[in-house]
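Below is target_32.csv, which holds CSV, N, CA and C atoms and all ligand atoms.
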chain,number,residue,atom,x,y,z
A,1,MET,N,0.4,-15.9,11.8
A,1,MET,CA,-0.5,-14.7,11.6
A,1,MET,C,-0.1,-13.9,10.4
A,2,LEU,N,1.2,-13.8,10.1
A,2,LEU,CA,1.7,-13.0,9.0
A,2,LEU,C,2.0,-14.0,7.8
A,3,ASN,N,1.4,-13.7,6.7
A,3,ASN,CA,1.5,-14.6,5.6
A,3,ASN,C,2.7,-14.4,4.7
A,4,LYS,N,2.9,-13.1,4.3
A,4,LYS,CA,3.9,-12.7,3.3
A,4,LYS,C,4.0,-11.2,3.1
A,5,ILE,N,5.0,-10.8,2.4
A,5,ILE,CA,5.0,-9.4,2.0
A,5,ILE,C,4.0,-9.3,0.8
A,6,ASP,N,2.9,-8.7,1.0
A,6,ASP,CA,1.9,-8.6,0.0
A,6,ASP,C,2.3,-7.7,-1.1
A,7,HIS,N,2.7,-6.5,-0.8
A,7,HIS,CA,3.3,-5.6,-1.9
A,7,HIS,C,4.1,-4.5,-1.3
A,8,ILE,N,4.8,-3.9,-2.2
A,8,ILE,CA,5.6,-2.7,-1.8
A,8,ILE,C,5.0,-1.5,-2.5
A,9,GLY,N,4.6,-0.5,-1.8
A,9,GLY,CA,3.9,0.6,-2.4
A,9,GLY,C,4.9,1.7,-2.7
A,10,ILE,N,4.9,2.2,-4.0
A,10,ILE,CA,5.8,3.2,-4.5
A,10,ILE,C,5.0,4.4,-5.0
A,11,ALA,N,5.3,5.5,-4.5
A,11,ALA,CA,4.6,6.7,-4.9
A,11,ALA,C,5.3,7.2,-6.2
A,12,VAL,N,4.5,7.5,-7.2
A,12,VAL,CA,5.0,8.0,-8.5
A,12,VAL,C,4.2,9.2,-8.9
A,13,ARG,N,4.9,10.1,-9.6
A,13,ARG,CA,4.3,11.3,-10.1
A,13,ARG,C,3.3,11.0,-11.2
A,14,ASN,N,3.8,10.1,-12.1
A,14,ASN,CA,3.0,9.8,-13.3
A,14,ASN,C,3.0,8.3,-13.6
A,15,LEU,N,1.8,7.8,-13.5
A,15,LEU,CA,1.7,6.3,-13.6
A,15,LEU,C,2.2,5.8,-15.0
A,16,ASP,N,1.8,6.5,-16.0
A,16,ASP,CA,2.1,6.0,-17.4
A,16,ASP,C,3.6,6.0,-17.6
A,17,GLU,N,4.3,7.1,-17.1
A,17,GLU,CA,5.7,7.1,-17.2
A,17,GLU,C,6.4,6.0,-16.3
A,18,ALA,N,5.9,5.8,-15.1
A,18,ALA,CA,6.4,4.7,-14.3
A,18,ALA,C,6.3,3.3,-14.9
A,19,LEU,N,5.2,3.2,-15.7
A,19,LEU,CA,4.9,1.9,-16.3
A,19,LEU,C,5.9,1.5,-17.4
A,20,ARG,N,6.5,2.6,-17.9
A,20,ARG,CA,7.5,2.3,-19.0
A,20,ARG,C,8.7,1.5,-18.4
A,21,PHE,N,9.0,1.7,-17.1
A,21,PHE,CA,10.0,0.8,-16.5
A,21,PHE,C,9.3,-0.5,-15.9
A,22,TYR,N,8.3,-0.3,-15.1
A,22,TYR,CA,7.8,-1.5,-14.3
A,22,TYR,C,7.1,-2.5,-15.2
A,23,ARG,N,6.4,-2.0,-16.2
A,23,ARG,CA,5.7,-2.9,-17.1
A,23,ARG,C,6.5,-3.2,-18.3
A,24,ASP,N,6.9,-2.2,-19.0
A,24,ASP,CA,7.6,-2.4,-20.3
A,24,ASP,C,9.0,-3.0,-20.2
A,25,ALA,N,9.8,-2.4,-19.4
A,25,ALA,CA,11.2,-2.8,-19.3
A,25,ALA,C,11.3,-4.1,-18.5
A,26,LEU,N,10.6,-4.2,-17.3
A,26,LEU,CA,10.7,-5.4,-16.5
A,26,LEU,C,9.8,-6.5,-17.1
A,27,GLY,N,8.8,-6.1,-17.9
A,27,GLY,CA,7.9,-7.1,-18.4
A,27,GLY,C,6.9,-7.7,-17.5
A,28,LEU,N,6.4,-6.9,-16.5
A,28,LEU,CA,5.4,-7.4,-15.6
A,28,LEU,C,4.0,-7.1,-16.1
A,29,GLU,N,3.1,-8.0,-15.7
A,29,GLU,CA,1.7,-7.7,-16.0
A,29,GLU,C,1.2,-6.6,-15.1
A,30,VAL,N,0.1,-5.9,-15.5
A,30,VAL,CA,-0.4,-4.8,-14.7
A,30,VAL,C,-1.9,-4.8,-14.7
A,31,GLU,N,-2.4,-4.4,-13.5
A,31,GLU,CA,-3.9,-4.2,-13.3
A,31,GLU,C,-4.0,-2.8,-12.7
A,32,ILE,N,-4.9,-2.0,-13.3
A,32,ILE,CA,-5.0,-0.6,-12.8
A,32,ILE,C,-6.4,-0.4,-12.2
A,33,GLU,N,-6.4,0.3,-11.1
A,33,GLU,CA,-7.6,0.5,-10.4
A,33,GLU,C,-7.6,1.9,-9.7
A,34,GLU,N,-8.8,2.5,-9.6
A,34,GLU,CA,-8.8,3.8,-8.9
A,34,GLU,C,-9.4,3.6,-7.5
A,35,VAL,N,-8.8,4.2,-6.5
A,35,VAL,CA,-9.3,4.1,-5.1
A,35,VAL,C,-9.7,5.5,-4.7
A,36,PRO,N,-10.9,6.0,-5.0
A,36,PRO,CA,-11.2,7.4,-4.7
A,36,PRO,C,-11.1,7.7,-3.2
A,37,ALA,N,-11.4,6.8,-2.3
A,37,ALA,CA,-11.3,7.1,-0.9
A,37,ALA,C,-9.9,7.5,-0.5
A,38,GLN,N,-8.9,7.0,-1.2
A,38,GLN,CA,-7.5,7.4,-0.9
A,38,GLN,C,-6.9,8.3,-1.9
A,39,GLN,N,-7.7,8.8,-2.8
A,39,GLN,CA,-7.3,9.8,-3.9
A,39,GLN,C,-6.1,9.3,-4.6
A,40,VAL,N,-6.1,8.0,-5.1
A,40,VAL,CA,-5.0,7.5,-5.9
A,40,VAL,C,-5.5,6.6,-7.0
A,41,ARG,N,-4.7,6.6,-8.0
A,41,ARG,CA,-4.8,5.6,-9.1
A,41,ARG,C,-3.7,4.6,-8.8
A,42,VAL,N,-4.1,3.3,-8.8
A,42,VAL,CA,-3.2,2.2,-8.4
A,42,VAL,C,-2.9,1.3,-9.5
A,43,ALA,N,-1.6,0.9,-9.7
A,43,ALA,CA,-1.3,-0.1,-10.6
A,43,ALA,C,-0.6,-1.2,-9.8
A,44,MET,N,-1.2,-2.4,-9.9
A,44,MET,CA,-0.6,-3.6,-9.2
A,44,MET,C,0.1,-4.5,-10.2
A,45,LEU,N,1.3,-4.8,-9.9
A,45,LEU,CA,2.2,-5.6,-10.8
A,45,LEU,C,2.7,-6.9,-10.0
A,46,PRO,N,2.0,-8.0,-10.2
A,46,PRO,CA,2.5,-9.2,-9.5
A,46,PRO,C,3.9,-9.6,-9.9
A,47,ILE,N,4.7,-10.0,-8.8
A,47,ILE,CA,6.0,-10.4,-9.0
A,47,ILE,C,6.3,-11.5,-8.0
A,48,GLY,N,6.3,-12.8,-8.5
A,48,GLY,CA,6.4,-13.9,-7.6
A,48,GLY,C,5.2,-13.9,-6.6
A,49,GLU,N,5.4,-14.1,-5.3
A,49,GLU,CA,4.4,-14.2,-4.3
A,49,GLU,C,3.9,-12.8,-4.0
A,50,SER,N,4.6,-11.8,-4.4
A,50,SER,CA,4.3,-10.4,-3.9
A,50,SER,C,3.9,-9.6,-5.1
A,51,ARG,N,3.7,-8.3,-4.9
A,51,ARG,CA,3.4,-7.4,-6.0
A,51,ARG,C,4.1,-6.0,-5.7
A,52,ILE,N,4.2,-5.3,-6.8
A,52,ILE,CA,4.6,-3.9,-6.7
A,52,ILE,C,3.4,-3.1,-6.9
A,53,GLU,N,3.2,-2.1,-6.0
A,53,GLU,CA,2.0,-1.2,-6.1
A,53,GLU,C,2.5,0.2,-6.5
A,54,LEU,N,2.1,0.7,-7.7
A,54,LEU,CA,2.5,2.0,-8.0
A,54,LEU,C,1.3,2.9,-7.7
A,55,LEU,N,1.6,4.0,-7.0
A,55,LEU,CA,0.5,4.9,-6.5
A,55,LEU,C,0.7,6.3,-7.2
A,56,GLU,N,-0.3,6.7,-7.9
A,56,GLU,CA,-0.3,8.0,-8.5
A,56,GLU,C,-1.4,8.8,-7.8
A,57,SER,N,-1.1,10.0,-7.3
A,57,SER,CA,-2.2,10.8,-6.7
A,57,SER,C,-3.1,11.4,-7.7
A,58,THR,N,-4.4,11.4,-7.3
A,58,THR,CA,-5.4,12.1,-8.1
A,58,THR,C,-5.7,13.5,-7.6
A,59,SER,N,-5.0,13.8,-6.5
A,59,SER,CA,-5.2,15.2,-5.8
A,59,SER,C,-4.0,15.5,-5.0
A,60,PRO,N,-3.6,16.8,-5.1
A,60,PRO,CA,-2.4,17.2,-4.4
A,60,PRO,C,-2.6,17.1,-2.9
A,61,ASP,N,-3.8,17.1,-2.4
A,61,ASP,CA,-4.1,17.0,-1.0
A,61,ASP,C,-4.2,15.6,-0.4
A,62,GLY,N,-4.2,14.6,-1.3
A,62,GLY,CA,-4.3,13.2,-0.9
A,62,GLY,C,-3.0,12.8,-0.2
A,63,PRO,N,-3.0,11.6,0.4
A,63,PRO,CA,-1.8,11.1,1.1
A,63,PRO,C,-0.6,10.9,0.2
A,64,ILE,N,-0.8,10.5,-1.0
A,64,ILE,CA,0.3,10.3,-1.9
A,64,ILE,C,0.8,11.6,-2.5
A,65,GLY,N,-0.2,12.5,-2.8
A,65,GLY,CA,0.2,13.9,-3.2
A,65,GLY,C,1.1,14.6,-2.2
A,66,ARG,N,0.7,14.5,-0.9
A,66,ARG,CA,1.5,15.1,0.2
A,66,ARG,C,2.8,14.4,0.3
A,67,PHE,N,2.9,13.1,0.2
A,67,PHE,CA,4.1,12.4,0.3
A,67,PHE,C,5.1,12.8,-0.7
A,68,ILE,N,4.7,12.9,-2.0
A,68,ILE,CA,5.6,13.3,-3.1
A,68,ILE,C,6.0,14.8,-2.9
A,69,GLU,N,5.1,15.6,-2.5
A,69,GLU,CA,5.5,17.0,-2.2
A,69,GLU,C,6.6,17.1,-1.2
A,70,LYS,N,6.6,16.2,-0.2
A,70,LYS,CA,7.5,16.3,0.9
A,70,LYS,C,8.8,15.5,0.6
A,71,ARG,N,8.7,14.3,0.0
A,71,ARG,CA,9.8,13.4,-0.1
A,71,ARG,C,10.2,13.0,-1.5
A,72,GLY,N,9.4,13.4,-2.5
A,72,GLY,CA,9.6,13.0,-3.8
A,72,GLY,C,9.1,11.6,-4.1
A,73,GLU,N,9.4,11.1,-5.3
A,73,GLU,CA,8.9,9.7,-5.6
A,73,GLU,C,9.8,8.7,-4.8
A,74,GLY,N,9.2,7.5,-4.6
A,74,GLY,CA,10.0,6.5,-4.0
A,74,GLY,C,9.1,5.5,-3.2
A,75,ILE,N,9.7,4.6,-2.4
A,75,ILE,CA,9.0,3.7,-1.6
A,75,ILE,C,8.2,4.4,-0.6
A,76,GLN,N,6.9,4.1,-0.5
A,76,GLN,CA,6.0,4.9,0.4
A,76,GLN,C,5.6,4.0,1.6
A,77,HIS,N,5.3,2.7,1.3
A,77,HIS,CA,5.0,1.8,2.4
A,77,HIS,C,5.3,0.3,2.0
A,78,ILE,N,5.3,-0.6,3.0
A,78,ILE,CA,5.4,-2.0,2.8
A,78,ILE,C,4.1,-2.6,3.4
A,79,CYS,N,3.6,-3.5,2.6
A,79,CYS,CA,2.3,-4.2,3.0
A,79,CYS,C,2.5,-5.6,3.4
A,80,ILE,N,2.1,-6.0,4.6
A,80,ILE,CA,2.2,-7.4,5.0
A,80,ILE,C,0.8,-8.0,5.0
A,81,GLN,N,0.7,-9.2,4.4
A,81,GLN,CA,-0.6,-9.8,4.4
A,81,GLN,C,-0.8,-10.6,5.7
A,82,VAL,N,-2.0,-10.5,6.3
A,82,VAL,CA,-2.3,-11.2,7.5
A,82,VAL,C,-3.6,-12.0,7.3
A,83,ALA,N,-3.7,-13.1,8.1
A,83,ALA,CA,-4.9,-13.9,8.0
A,83,ALA,C,-6.1,-13.3,8.6
A,84,ASP,N,-5.9,-12.6,9.7
A,84,ASP,CA,-7.0,-12.0,10.5
A,84,ASP,C,-6.5,-10.6,11.0
A,85,ILE,N,-7.1,-9.6,10.3
A,85,ILE,CA,-6.6,-8.2,10.5
A,85,ILE,C,-7.0,-7.7,11.9
A,86,ALA,N,-8.2,-8.0,12.3
A,86,ALA,CA,-8.6,-7.6,13.7
A,86,ALA,C,-7.8,-8.1,14.8
A,87,ALA,N,-7.4,-9.4,14.7
A,87,ALA,CA,-6.5,-10.0,15.7
A,87,ALA,C,-5.1,-9.4,15.6
A,88,ALA,N,-4.6,-9.1,14.4
A,88,ALA,CA,-3.3,-8.5,14.3
A,88,ALA,C,-3.3,-7.1,14.9
A,89,LEU,N,-4.3,-6.3,14.7
A,89,LEU,CA,-4.4,-5.0,15.2
A,89,LEU,C,-4.4,-5.1,16.8
A,90,GLU,N,-5.2,-6.0,17.2
A,90,GLU,CA,-5.3,-6.2,18.7
A,90,GLU,C,-4.0,-6.5,19.3
A,91,GLN,N,-3.3,-7.4,18.7
A,91,GLN,CA,-2.0,-7.9,19.2
A,91,GLN,C,-1.0,-6.7,19.2
A,92,LEU,N,-1.0,-5.9,18.1
A,92,LEU,CA,-0.1,-4.8,17.9
A,92,LEU,C,-0.4,-3.7,19.0
A,93,ARG,N,-1.7,-3.5,19.2
A,93,ARG,CA,-2.1,-2.5,20.2
A,93,ARG,C,-1.6,-2.9,21.5
A,94,ALA,N,-1.7,-4.2,21.8
A,94,ALA,CA,-1.2,-4.7,23.1
A,94,ALA,C,0.3,-4.5,23.3
A,95,HIS,N,1.0,-4.4,22.2
A,95,HIS,CA,2.5,-4.2,22.2
A,95,HIS,C,2.8,-2.7,22.2
A,96,GLY,N,1.8,-1.9,22.3
A,96,GLY,CA,2.1,-0.4,22.3
A,96,GLY,C,2.4,0.2,20.9
A,97,VAL,N,2.1,-0.6,19.9
A,97,VAL,CA,2.4,0.0,18.5
A,97,VAL,C,1.4,1.1,18.2
A,98,ARG,N,1.9,2.1,17.6
A,98,ARG,CA,1.1,3.3,17.2
A,98,ARG,C,0.3,2.9,15.9
A,99,LEU,N,-1.0,2.9,16.0
A,99,LEU,CA,-1.8,2.6,14.8
A,99,LEU,C,-2.3,3.9,14.2
A,100,ILE,N,-2.3,3.9,12.9
A,100,ILE,CA,-3.0,5.0,12.2
A,100,ILE,C,-4.5,4.7,12.0
A,101,ASP,N,-4.8,3.5,11.7
A,101,ASP,CA,-6.2,3.0,11.6
A,101,ASP,C,-6.4,2.1,12.8
A,102,ARG,N,-7.3,2.5,13.6
A,102,ARG,CA,-7.7,1.7,14.8
A,102,ARG,C,-8.6,0.5,14.3
A,103,GLU,N,-9.4,0.8,13.2
A,103,GLU,CA,-10.2,-0.2,12.6
A,103,GLU,C,-9.8,-0.4,11.2
A,104,PRO,N,-10.0,-1.6,10.6
A,104,PRO,CA,-9.7,-1.8,9.2
A,104,PRO,C,-10.6,-1.0,8.3
A,105,ARG,N,-10.1,-0.7,7.2
A,105,ARG,CA,-11.0,0.0,6.2
A,105,ARG,C,-10.8,-0.8,4.8
A,106,ILE,N,-11.6,-0.4,3.8
A,106,ILE,CA,-11.5,-1.2,2.5
A,106,ILE,C,-10.5,-0.5,1.6
A,107,GLY,N,-9.5,-1.2,1.2
A,107,GLY,CA,-8.4,-0.7,0.3
A,107,GLY,C,-8.5,-1.3,-1.1
A,108,ALA,N,-7.4,-1.1,-1.8
A,108,ALA,CA,-7.3,-1.6,-3.2
A,108,ALA,C,-7.7,-3.1,-3.2
A,109,GLY,N,-8.4,-3.5,-4.3
A,109,GLY,CA,-8.8,-4.9,-4.5
A,109,GLY,C,-9.8,-5.4,-3.5
A,110,GLY,N,-10.5,-4.5,-2.7
A,110,GLY,CA,-11.5,-4.9,-1.8
A,110,GLY,C,-11.0,-5.5,-0.5
A,111,HIS,N,-9.7,-5.5,-0.3
A,111,HIS,CA,-9.1,-6.0,0.9
A,111,HIS,C,-9.4,-5.1,2.1
A,112,ARG,N,-9.5,-5.7,3.3
A,112,ARG,CA,-9.5,-4.9,4.5
A,112,ARG,C,-8.1,-4.6,4.9
A,113,VAL,N,-7.8,-3.3,5.1
A,113,VAL,CA,-6.5,-2.8,5.3
A,113,VAL,C,-6.4,-1.9,6.5
A,114,ALA,N,-5.2,-1.8,7.1
A,114,ALA,CA,-5.0,-0.8,8.2
A,114,ALA,C,-3.5,-0.4,8.1
A,115,PHE,N,-3.3,0.9,8.4
A,115,PHE,CA,-1.9,1.4,8.4
A,115,PHE,C,-1.4,1.5,9.9
A,116,LEU,N,-0.1,1.2,10.0
A,116,LEU,CA,0.6,1.4,11.3
A,116,LEU,C,1.5,2.6,11.2
A,117,HIS,N,1.7,3.4,12.2
A,117,HIS,CA,2.5,4.6,12.2
A,117,HIS,C,4.0,4.3,12.0
A,118,PRO,N,4.7,5.0,11.1
A,118,PRO,CA,6.1,4.8,10.9
A,118,PRO,C,7.0,4.9,12.2
A,119,ALA,N,6.5,5.7,13.1
A,119,ALA,CA,7.2,5.9,14.3
A,119,ALA,C,7.4,4.6,15.1
A,120,SER,N,6.5,3.7,14.9
A,120,SER,CA,6.7,2.4,15.5
A,120,SER,C,7.4,1.3,14.7
A,121,ALA,N,7.9,1.7,13.5
A,121,ALA,CA,8.5,0.7,12.6
A,121,ALA,C,9.7,1.3,11.9
A,122,SER,N,10.6,1.9,12.7
A,122,SER,CA,11.8,2.4,12.2
A,122,SER,C,11.7,3.3,11.0
A,123,GLY,N,10.7,4.1,11.0
A,123,GLY,CA,10.5,5.1,9.9
A,123,GLY,C,9.8,4.5,8.7
A,124,VAL,N,9.3,3.3,8.7
A,124,VAL,CA,8.6,2.7,7.6
A,124,VAL,C,7.1,2.7,7.8
A,125,LEU,N,6.3,3.2,6.9
A,125,LEU,CA,4.9,3.1,7.0
A,125,LEU,C,4.5,1.6,6.6
A,126,ILE,N,3.8,1.0,7.5
A,126,ILE,CA,3.4,-0.4,7.3
A,126,ILE,C,1.9,-0.5,7.1
A,127,GLU,N,1.5,-1.2,6.1
A,127,GLU,CA,0.1,-1.5,5.8
A,127,GLU,C,-0.1,-3.0,6.1
A,128,LEU,N,-1.2,-3.3,6.8
A,128,LEU,CA,-1.6,-4.7,6.9
A,128,LEU,C,-2.8,-4.9,6.0
A,129,SER,N,-2.9,-6.0,5.3
A,129,SER,CA,-4.0,-6.3,4.4
A,129,SER,C,-4.4,-7.8,4.7
A,130,GLU,N,-5.7,-7.9,4.9
A,130,GLU,CA,-6.3,-9.2,5.2
A,130,GLU,C,-6.5,-10.0,3.9
A,131,ALA,N,-6.0,-11.3,3.9
A,131,ALA,CA,-6.2,-12.1,2.8
A,131,ALA,C,-7.7,-12.3,2.5
A,132,LEU,N,-8.0,-12.4,1.2
A,132,LEU,CA,-9.4,-12.7,0.8
A,132,LEU,C,-9.6,-14.2,1.0
A,133,PRO,N,-10.8,-14.7,1.2
A,133,PRO,CA,-11.1,-16.1,1.4
A,133,PRO,C,-10.4,-17.0,0.4
A,134,ALA,N,-10.3,-16.5,-0.9
A,134,ALA,CA,-9.7,-17.4,-1.9
A,134,ALA,C,-8.2,-17.5,-1.9
A,135,GLU,N,-7.5,-16.6,-1.1
A,135,GLU,CA,-6.1,-16.6,-1.1
A,135,GLU,C,-5.4,-17.6,-0.2
B,1,ZN,ZN,-0.6,-0.6,-0.4
Please express the file's structure as structure tokens.
Amino acid sequence: MLNKIDHIGIAVRNLDEALRFYRDALGLEVEIEEVPAQQVRVAMLPIGESRIELLESTSPDGPIGRFIEKRGEGIQHICIQVADIAAALEQLRAHGVRLIDREPRIGAGGHRVAFLHPASASGVLIELSEALPAE
């Protein structure tokens, strides 16, 4: 049911500054996308089978803006790729896992995603992302 670590989400204050390390120093390729629904500008940097996702808030009231306000820059979530997100959510609910999203929504790259509450995962915000048909 779980395919791989899809990406690690890192909250950054300034995307261009963060790219000086992640793109320029590490030499990773980058694709930038805006996700207005989540008030973020996203840079995806593939690394092996996974990716690093840099998240810059476009608003102080968005989820990343609030995260940085409270905790500063750093790892914000870990994303696990699943084959069937509805089935995964159903199984997790049956195990009493606290869900932030009861239903999947559309996230970066057009994937169906859902977040699980950190209280159920030892303090780590977990994102599930459904593989696209081509993956
Ligand atoms: Zn993510």
inquiry  = Please extract the residues of chain A with a backbone DSSP assignment of strand (DSSP E) and present them as number ranges by chain.
reply    = A: 2-12, 31-35, 40-47, 50-57, 74-82, 105-106, 112-116, 126-130
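Between ligand ZN 1 (chain B) and the candidates A:Ile8, A:Ile64, A:Leu15, A:Val40, the tightest atom-to-atom separation, counting all atoms listed in the file, involves A:Ile8.
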Check which residues fall inside 9 Å of ligand ZN 1 (chain B) when counting only C-alpha atoms and all ligand atoms, and print them as a PDB file with N, CA and C atoms, keeping the file's coordinate frame.
ATOM      1  N   ASP A   6       2.900  -8.700   1.000  1.00  0.00           N
ATOM      2  CA  ASP A   6       1.900  -8.600   0.000  1.00  0.00           C
ATOM      3  C   ASP A   6       2.300  -7.700  -1.100  1.00  0.00           C
ATOM      4  N   HIS A   7       2.700  -6.500  -0.800  1.00  0.00           N
ATOM      5  CA  HIS A   7       3.300  -5.600  -1.900  1.00  0.00           C
ATOM      6  C   HIS A   7       4.100  -4.500  -1.300  1.00  0.00           C
ATOM      7  N   ILE A   8       4.800  -3.900  -2.200  1.00  0.00           N
ATOM      8  CA  ILE A   8       5.600  -2.700  -1.800  1.00  0.00           C
ATOM      9  C   ILE A   8       5.000  -1.500  -2.500  1.00  0.00           C
ATOM     10  N   GLY A   9       4.600  -0.500  -1.800  1.00  0.00           N
ATOM     11  CA  GLY A   9       3.900   0.600  -2.400  1.00  0.00           C
ATOM     12  C   GLY A   9       4.900   1.700  -2.700  1.00  0.00           C
ATOM     13  N   ILE A  10       4.900   2.200  -4.000  1.00  0.00           N
ATOM     14  CA  ILE A  10       5.800   3.200  -4.500  1.00  0.00           C
ATOM     15  C   ILE A  10       5.000   4.400  -5.000  1.00  0.00           C
ATOM     16  N   VAL A  42      -4.100   3.300  -8.800  1.00  0.00           N
ATOM     17  CA  VAL A  42      -3.200   2.200  -8.400  1.00  0.00           C
ATOM     18  C   VAL A  42      -2.900   1.300  -9.500  1.00  0.00           C
ATOM     19  N   ILE A  52       4.200  -5.300  -6.800  1.00  0.00           N
ATOM     20  CA  ILE A  52       4.600  -3.900  -6.700  1.00  0.00           C
ATOM     21  C   ILE A  52       3.400  -3.100  -6.900  1.00  0.00           C
ATOM     22  N   GLU A  53       3.200  -2.100  -6.000  1.00  0.00           N
ATOM     23  CA  GLU A  53       2.000  -1.200  -6.100  1.00  0.00           C
ATOM     24  C   GLU A  53       2.500   0.200  -6.500  1.00  0.00           C
ATOM     25  N   LEU A  54       2.100   0.700  -7.700  1.00  0.00           N
ATOM     26  CA  LEU A  54       2.500   2.000  -8.000  1.00  0.00           C
ATOM     27  C   LEU A  54       1.300   2.900  -7.700  1.00  0.00           C
ATOM     28  N   LEU A  55       1.600   4.000  -7.000  1.00  0.00           N
ATOM     29  CA  LEU A  55       0.500   4.900  -6.500  1.00  0.00           C
ATOM     30  C   LEU A  55       0.700   6.300  -7.200  1.00  0.00           C
ATOM     31  N   GLN A  76       6.900   4.100  -0.500  1.00  0.00           N
ATOM     32  CA  GLN A  76       6.000   4.900   0.400  1.00  0.00           C
ATOM     33  C   GLN A  76       5.600   4.000   1.600  1.00  0.00           C
ATOM     34  N   HIS A  77       5.300   2.700   1.300  1.00  0.00           N
ATOM     35  CA  HIS A  77       5.000   1.800   2.400  1.00  0.00           C
ATOM     36  C   HIS A  77       5.300   0.300   2.000  1.00  0.00           C
ATOM     37  N   ILE A  78       5.300  -0.600   3.000  1.00  0.00           N
ATOM     38  CA  ILE A  78       5.400  -2.000   2.800  1.00  0.00           C
ATOM     39  C   ILE A  78       4.100  -2.600   3.400  1.00  0.00           C
ATOM     40  N   CYS A  79       3.600  -3.500   2.600  1.00  0.00           N
ATOM     41  CA  CYS A  79       2.300  -4.200   3.000  1.00  0.00           C
ATOM     42  C   CYS A  79       2.500  -5.600   3.400  1.00  0.00           C
ATOM     43  N   GLY A 107      -9.500  -1.200   1.200  1.00  0.00           N
ATOM     44  CA  GLY A 107      -8.400  -0.700   0.300  1.00  0.00           C
ATOM     45  C   GLY A 107      -8.500  -1.300  -1.100  1.00  0.00           C
ATOM     46  N   ALA A 108      -7.400  -1.100  -1.800  1.00  0.00           N
ATOM     47  CA  ALA A 108      -7.300  -1.600  -3.200  1.00  0.00           C
ATOM     48  C   ALA A 108      -7.700  -3.100  -3.200  1.00  0.00           C
ATOM     49  N   VAL A 113      -7.800  -3.300   5.100  1.00  0.00           N
ATOM     50  CA  VAL A 113      -6.500  -2.800   5.300  1.00  0.00           C
ATOM     51  C   VAL A 113      -6.400  -1.900   6.500  1.00  0.00           C
ATOM     52  N   ILE A 126       3.800   1.000   7.500  1.00  0.00           N
ATOM     53  CA  ILE A 126       3.400  -0.400   7.300  1.00  0.00           C
ATOM     54  C   ILE A 126       1.900  -0.500   7.100  1.00  0.00           C
ATOM     55  N   GLU A 127       1.500  -1.200   6.100  1.00  0.00           N
ATOM     56  CA  GLU A 127       0.100  -1.500   5.800  1.00  0.00           C
ATOM     57  C   GLU A 127      -0.100  -3.000   6.100  1.00  0.00           C
ATOM     58  N   LEU A 128      -1.200  -3.300   6.800  1.00  0.00           N
ATOM     59  CA  LEU A 128      -1.600  -4.700   6.900  1.00  0.00           C
ATOM     60  C   LEU A 128      -2.800  -4.900   6.000  1.00  0.00           C
ATOM     61  N   SER A 129      -2.900  -6.000   5.300  1.00  0.00           N
ATOM     62  CA  SER A 129      -4.000  -6.300   4.400  1.00  0.00           C
ATOM     63  C   SER A 129      -4.400  -7.800   4.700  1.00  0.00           C
TER      64      SER A 129
END
ask   = For the atom pair atom CA of A:Pro63 and atom CA of A:Ser122, what is the interatomic distance in Å to one decimal place?
value =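 Atom-to-atom, atom CA of A:Pro63 and atom CA of A:Ser122 are spaced 19.6 Å apart.
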note = Residue with the minimum atom-to-atom distance to A:Leu2, picked from A:Ile80, A:Val124, A:Ala119, A:Ala86 with all atoms listed in the file counted, is A:Ile80
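What separates atom N of A:Arg20 from atom N of A:Glu130 is a distance of 27.9 Å.
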request  = as a list in words, list the residues of stretch 81-123 of chain A assigned to helix (DSSP H, G or I) by DSSP on the backbone atoms of this structure.
outcome  = Ile85, Ala86, Ala87, Ala88, Leu89, Glu90, Gln91, Leu92, Arg93, Ala94, Ala108, Gly109, Gly110, Pro118, Ala119 and Ser120 of chain A
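Across the model, the gap from atom C of A:Ile75 to atom C of A:Asp24 is 21.0 Å.
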task = Identify which of the residues A:Pro104, A:Gly72, A:Gly109, A:Pro36 lies closest to A:Val12, counting all atoms listed in the file when measuring atom-to-atom distances.
result = A:Gly72
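Remark: for A:Ile85, the closest of the candidate residues A:Glu103, A:Asp61, A:Glu56, A:Glu31 is A:Glu103 (distances computed over only N, CA and C atoms).
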